[in-house]
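Q: The following file, target.cif, comprises mmCIF, C-alpha atoms:
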```
data_model
#
loop_
_atom_site.label_atom_id
_atom_site.label_comp_id
_atom_site.auth_asym_id
_atom_site.auth_seq_id
_atom_site.Cartn_x
_atom_site.Cartn_y
_atom_site.Cartn_z
CA MET A 1 122.06 -51.54 161.38
CA LEU A 2 122.30 -51.34 157.62
CA TYR A 3 124.57 -48.65 156.19
CA VAL A 4 121.66 -46.84 154.53
CA GLU A 5 119.76 -46.78 157.83
CA THR A 6 122.74 -45.27 159.63
CA LEU A 7 122.87 -42.54 156.98
CA LYS A 8 119.16 -41.80 157.42
CA TYR A 9 119.64 -41.62 161.18
CA GLY A 10 121.77 -38.53 160.61
CA PHE A 11 118.58 -36.52 159.91
CA TYR A 12 117.20 -37.57 163.28
CA VAL A 13 120.43 -36.60 165.02
CA ILE A 14 120.46 -33.05 163.67
CA THR A 15 116.81 -32.44 164.57
CA HIS A 16 116.79 -34.29 167.92
CA PRO A 17 120.43 -33.94 169.04
CA PHE A 18 120.12 -35.13 172.64
CA ASP A 19 118.11 -38.26 171.84
CA GLY A 20 120.02 -38.72 168.58
CA PHE A 21 123.49 -38.74 170.13
CA TRP A 22 122.24 -40.96 172.93
CA GLY A 23 121.11 -43.41 170.27
CA LEU A 24 124.55 -43.26 168.66
CA ARG A 25 126.27 -43.95 171.97
CA ARG A 26 123.97 -46.44 173.67
CA GLU A 27 121.89 -48.04 170.94
CA GLY A 28 124.43 -48.30 168.13
CA ARG A 29 122.12 -46.56 165.66
CA GLY A 30 124.98 -44.89 163.80
CA SER A 31 128.27 -46.03 162.33
CA VAL A 32 131.77 -44.74 161.70
CA ALA A 33 131.26 -45.55 158.00
CA ALA A 34 128.29 -43.17 157.82
CA ALA A 35 130.22 -40.52 159.77
CA VAL A 36 133.15 -40.73 157.34
CA THR A 37 130.65 -40.48 154.47
CA PHE A 38 129.35 -37.20 155.93
CA VAL A 39 132.93 -35.94 156.26
CA ALA A 40 133.60 -36.81 152.62
CA LEU A 41 130.36 -35.12 151.54
CA THR A 42 131.34 -32.04 153.55
CA ILE A 43 134.64 -31.87 151.68
CA LEU A 44 132.78 -32.26 148.38
CA THR A 45 130.27 -29.57 149.38
CA LEU A 46 132.92 -27.02 150.31
CA THR A 47 134.85 -27.76 147.10
CA ILE A 48 131.74 -27.32 144.95
CA GLU A 49 130.90 -24.13 146.84
CA LYS A 50 134.32 -22.60 146.18
CA GLN A 51 134.26 -23.43 142.50
CA ASN A 52 130.60 -22.87 141.58
CA THR A 53 129.22 -20.10 143.79
CA GLY A 54 127.85 -17.13 141.82
CA PHE A 55 130.43 -14.47 141.03
CA LEU A 56 128.65 -11.89 143.22
CA PHE A 57 129.37 -13.99 146.32
CA ASN A 58 132.48 -15.88 145.27
CA PHE A 59 135.67 -14.19 146.41
CA ASN A 60 137.93 -17.12 145.56
CA ARG A 61 140.33 -17.05 142.62
CA LEU A 62 139.62 -20.22 140.67
CA SER A 63 143.22 -20.38 139.49
CA ASP A 64 144.40 -20.61 143.10
CA LEU A 65 141.98 -23.33 144.22
CA ASN A 66 143.47 -26.69 145.12
CA VAL A 67 141.16 -29.62 145.82
CA VAL A 68 143.91 -31.52 147.63
CA VAL A 69 144.30 -28.67 150.11
CA ASP A 70 140.55 -28.72 150.82
CA VAL A 71 140.56 -32.47 151.36
CA VAL A 72 143.59 -32.41 153.63
CA THR A 73 142.34 -29.42 155.63
CA VAL A 74 138.89 -30.84 156.47
CA ALA A 75 140.19 -34.38 157.03
CA LEU A 76 143.03 -33.11 159.22
CA LEU A 77 140.72 -30.96 161.34
CA TYR A 78 138.34 -33.92 161.74
CA VAL A 79 141.09 -36.29 162.85
CA LEU A 80 142.80 -33.70 165.06
CA TRP A 81 139.57 -32.86 166.89
CA CYS A 82 138.71 -36.53 167.46
CA VAL A 83 142.20 -37.46 168.68
CA ALA A 84 142.56 -34.38 170.89
CA ASN A 85 139.06 -34.86 172.29
CA TRP A 86 139.72 -38.52 173.06
CA CYS A 87 142.98 -37.65 174.81
CA THR A 88 141.30 -34.87 176.78
CA THR A 89 138.22 -36.82 177.82
CA SER A 90 140.33 -39.83 178.80
CA LEU A 91 141.87 -37.60 181.48
CA MET A 92 138.54 -35.99 182.41
CA ASP A 93 136.53 -39.15 183.08
CA GLY A 94 134.73 -39.10 179.73
CA LYS A 95 132.47 -42.04 178.90
CA GLY A 96 132.83 -41.94 175.13
CA ARG A 97 135.12 -44.16 173.09
CA MET A 98 137.12 -43.06 170.06
CA GLN A 99 134.48 -44.71 167.88
CA ASP A 100 131.76 -42.61 169.54
CA ILE A 101 133.73 -39.38 169.02
CA LEU A 102 134.41 -40.13 165.35
CA THR A 103 130.74 -40.92 164.80
CA ALA A 104 129.34 -37.92 166.69
CA VAL A 105 131.59 -35.38 164.95
CA GLY A 106 130.92 -36.86 161.52
CA TYR A 107 127.14 -36.73 162.00
CA SER A 108 127.42 -33.14 163.29
CA LEU A 109 128.66 -31.98 159.87
CA LEU A 110 125.39 -32.86 158.10
CA PRO A 111 123.89 -29.31 158.38
CA ILE A 112 126.84 -27.93 156.39
CA ILE A 113 125.96 -30.30 153.54
CA LEU A 114 122.21 -29.67 153.68
CA ILE A 115 122.49 -25.88 153.79
CA ARG A 116 125.57 -24.95 151.81
CA LEU A 117 124.85 -27.06 148.73
CA PRO A 118 121.52 -25.27 148.07
CA MET A 119 123.35 -21.99 148.76
CA VAL A 120 125.42 -22.59 145.60
CA LEU A 121 122.23 -22.62 143.50
CA MET A 122 120.81 -19.72 145.49
CA SER A 123 123.88 -17.59 144.77
CA HIS A 124 123.05 -17.63 141.04
CA GLY A 125 119.52 -16.36 141.53
CA ILE A 126 119.83 -13.46 143.97
CA THR A 127 121.29 -9.98 143.88
CA THR A 128 123.71 -8.29 146.26
CA ASN A 129 120.75 -6.56 147.94
CA GLU A 130 119.42 -9.98 148.89
CA GLY A 131 122.85 -11.20 149.97
CA SER A 132 122.05 -10.87 153.67
CA PHE A 133 119.86 -14.00 153.43
CA TYR A 134 122.74 -15.85 151.79
CA TYR A 135 125.22 -14.89 154.52
CA VAL A 136 122.74 -15.68 157.29
CA LEU A 137 122.26 -19.19 155.92
CA GLY A 138 126.02 -19.68 155.75
CA THR A 139 126.39 -18.60 159.37
CA VAL A 140 123.51 -20.85 160.46
CA SER A 141 125.16 -23.88 158.83
CA TYR A 142 128.34 -23.47 160.88
CA LEU A 143 126.56 -22.54 164.10
CA TRP A 144 124.26 -25.56 163.78
CA ALA A 145 127.23 -27.88 163.19
CA GLY A 146 129.10 -26.31 166.12
CA PHE A 147 126.08 -26.74 168.39
CA LEU A 148 125.82 -30.40 167.36
CA ILE A 149 129.51 -31.03 168.07
CA PHE A 150 129.07 -29.41 171.48
CA THR A 151 125.91 -31.41 172.23
CA GLY A 152 127.47 -34.63 170.98
CA THR A 153 130.46 -34.11 173.25
CA MET A 154 128.18 -33.50 176.21
CA VAL A 155 125.96 -36.53 175.58
CA ILE A 156 128.51 -39.20 174.68
CA HIS A 157 130.80 -38.27 177.56
CA GLN A 158 127.91 -37.58 179.97
CA TYR A 159 129.22 -34.15 180.93
CA SER A 160 127.55 -31.06 182.32
CA VAL A 161 127.38 -27.91 180.18
CA THR A 162 130.25 -26.30 182.11
CA LYS A 163 132.48 -29.36 181.81
CA THR A 164 131.69 -29.64 178.11
CA ILE A 165 132.75 -26.03 177.53
CA ALA A 166 136.00 -26.67 179.39
CA THR A 167 136.54 -29.89 177.42
CA CYS A 168 136.04 -28.12 174.06
CA ILE A 169 138.53 -25.40 175.03
CA VAL A 170 141.12 -27.96 176.14
CA THR A 171 140.46 -29.97 172.97
CA ILE A 172 141.24 -26.92 170.79
CA VAL A 173 144.44 -26.33 172.77
CA GLY A 174 145.27 -30.02 172.37
CA MET A 175 144.82 -29.75 168.60
CA GLY A 176 147.39 -26.96 168.57
CA ILE A 177 149.82 -29.01 170.65
CA ILE A 178 149.42 -32.06 168.39
CA MET A 179 150.03 -29.91 165.30
CA PHE A 180 153.12 -28.38 166.89
CA ILE A 181 154.54 -31.78 167.83
CA GLY A 182 153.73 -33.12 164.35
CA LEU A 183 155.46 -30.20 162.61
CA LEU A 184 158.43 -30.53 164.97
CA PHE A 185 158.65 -34.27 164.23
CA PHE A 186 158.58 -33.76 160.46
CA ASN A 187 161.15 -30.98 160.75
CA VAL A 188 163.51 -33.27 162.66
CA ILE A 189 162.98 -36.05 160.10
CA GLN A 190 163.69 -33.61 157.26
CA GLN A 191 166.91 -32.44 158.92
CA MET A 192 168.01 -36.03 159.48
CA LEU A 193 167.35 -36.91 155.84
CA THR A 194 169.24 -33.81 154.70
CA PHE A 195 172.17 -34.75 156.96
CA VAL A 196 172.25 -38.35 155.70
CA THR A 197 172.01 -37.16 152.08
CA THR A 198 174.87 -34.71 152.60
CA ILE A 199 177.08 -37.40 154.18
CA TYR A 200 176.28 -39.77 151.34
CA LYS A 201 177.21 -37.19 148.69
CA GLU A 202 180.45 -36.35 150.51
CA LEU A 203 181.48 -39.99 150.65
CA ARG A 204 180.43 -40.65 147.09
CA PHE A 205 182.44 -37.84 145.50
CA ARG A 206 185.62 -38.43 147.50
#
```
I need this file expressed as structure tokens, please.
A:
Amino acid sequence: MLYVETLKYGFYVITHPFDGFWGLRREGRGSVAAAVTFVALTILTLTIEKQNTGFLFNFNRLSDLNVVVDVVTVALLYVLWCVANWCTTSLMDGKGRMQDILTAVGYSLLPIILIRLPMVLMSHGITTNEGSFYYVLGTVSYLWAGFLIFTGTMVIHQYSVTKTIATCIVTIVGMGIIMFIGLLFFNVIQQMLTFVTTIYKELRFR
């Protein structure tokens, strides 16, 4: 399918999740490129939201905002979930490939883009008394995306509801384990570099 068509298919996925994810898995109606595009747009959306939300609903200090941190955080969570889910489902007889997981999770983020971008404009035109509508929309965006990730996991791996719940829990635990191992690895590398640097300085100044 053409790239533009795979992007358009995202709207079908979020409104018909079971058929939509089946089409991603079995009919090749989506693409990793489109999924990564949705991830990038999600990062852009959250960055715009932090910087441009009306002052009544914006509790971020603009001086403390760092775009790089936003990019790394969302991208890291995306990669961690996909890797941990692939590792978990490989041990739990999952039918989905890494490509399917990357695609399904990326498409699941579309509601965040569609809801939270208009919320930025909305925040400039409402008062605190009408803020409940604003917060409800924000909650809906995350719940919708979470439901899609759950449904996508169930469909592409052909799991039951119970097994999908267990898989999601194990995936979250796996993300924590991967982060711990990664931090431990970088800590060891840092200590090795410090040791080598110290030895080099000792030999150089003798």
Q: For the structure provided, state which residues fall under the PyMOL selection byres ((chain A and resi 70) around 12), and present them as number ranges by chain.
A: A: 39-40, 42-51, 64-69, 71-77
Q: So what does the PyMOL selection byres ((chain A and resi 102) around 10) actually pick up in this one, as a ChimeraX atom specification?
A: /A:31-33,35-36,78-79,81-83,85-86,97-101,103-107
Q: Applied to the shown file, which residues does the PyMOL selection byres ((chain A and resi 9) around 12) return, written as a VMD selection string?
A: chain A and resid 1 to 8 10 to 17 19 to 21 23 to 24 27 to 31 34 to 35 38 103 to 104 107 to 108 110
Q: Of the candidates A:Arg116, A:Asn52, A:Thr162, A:Leu148, which shows the shortest atom-to-atom distance to Tyr134 (chain A), using only C-alpha atoms?
A: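 Between A:Arg116, A:Asn52, A:Thr162, A:Leu148, the residue approaching Tyr134 (chain A) most closely is A:Arg116.
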Q: Suppose you want the space between CA of Gly131 (chain A) and CA of Phe57 (chain A); what is it in Å?
A: 8.0 Å
Q: With a distance cut-off of 8 Å and all atoms listed in the file, select the neighbouring residues of region 177-192 of chain A, excluding the residue or stretch itself and same-chain residues fewer than 3 positions from it, and output the selection as a list of chain:residue names.
A: A:Leu80, A:Ala84, A:Val173, A:Gly174, A:Phe195, A:Val196
Q: Let me make sure I understand: among A:Asn129, A:Phe55, A:Thr89, A:Ile113, which one has the smallest atom-to-atom distance to Leu41 (chain A) if we use only C-alpha atoms?
A: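 Nearest candidate to Leu41 (chain A) out of A:Asn129, A:Phe55, A:Thr89, A:Ile113: A:Ile113.
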Q: Using all atoms listed in the file, pick whichever of A:Ala145, A:Arg26, A:Met119, A:Leu193 has the shortest atom-to-atom distance to Phe133 (chain A).
A: A:Met119
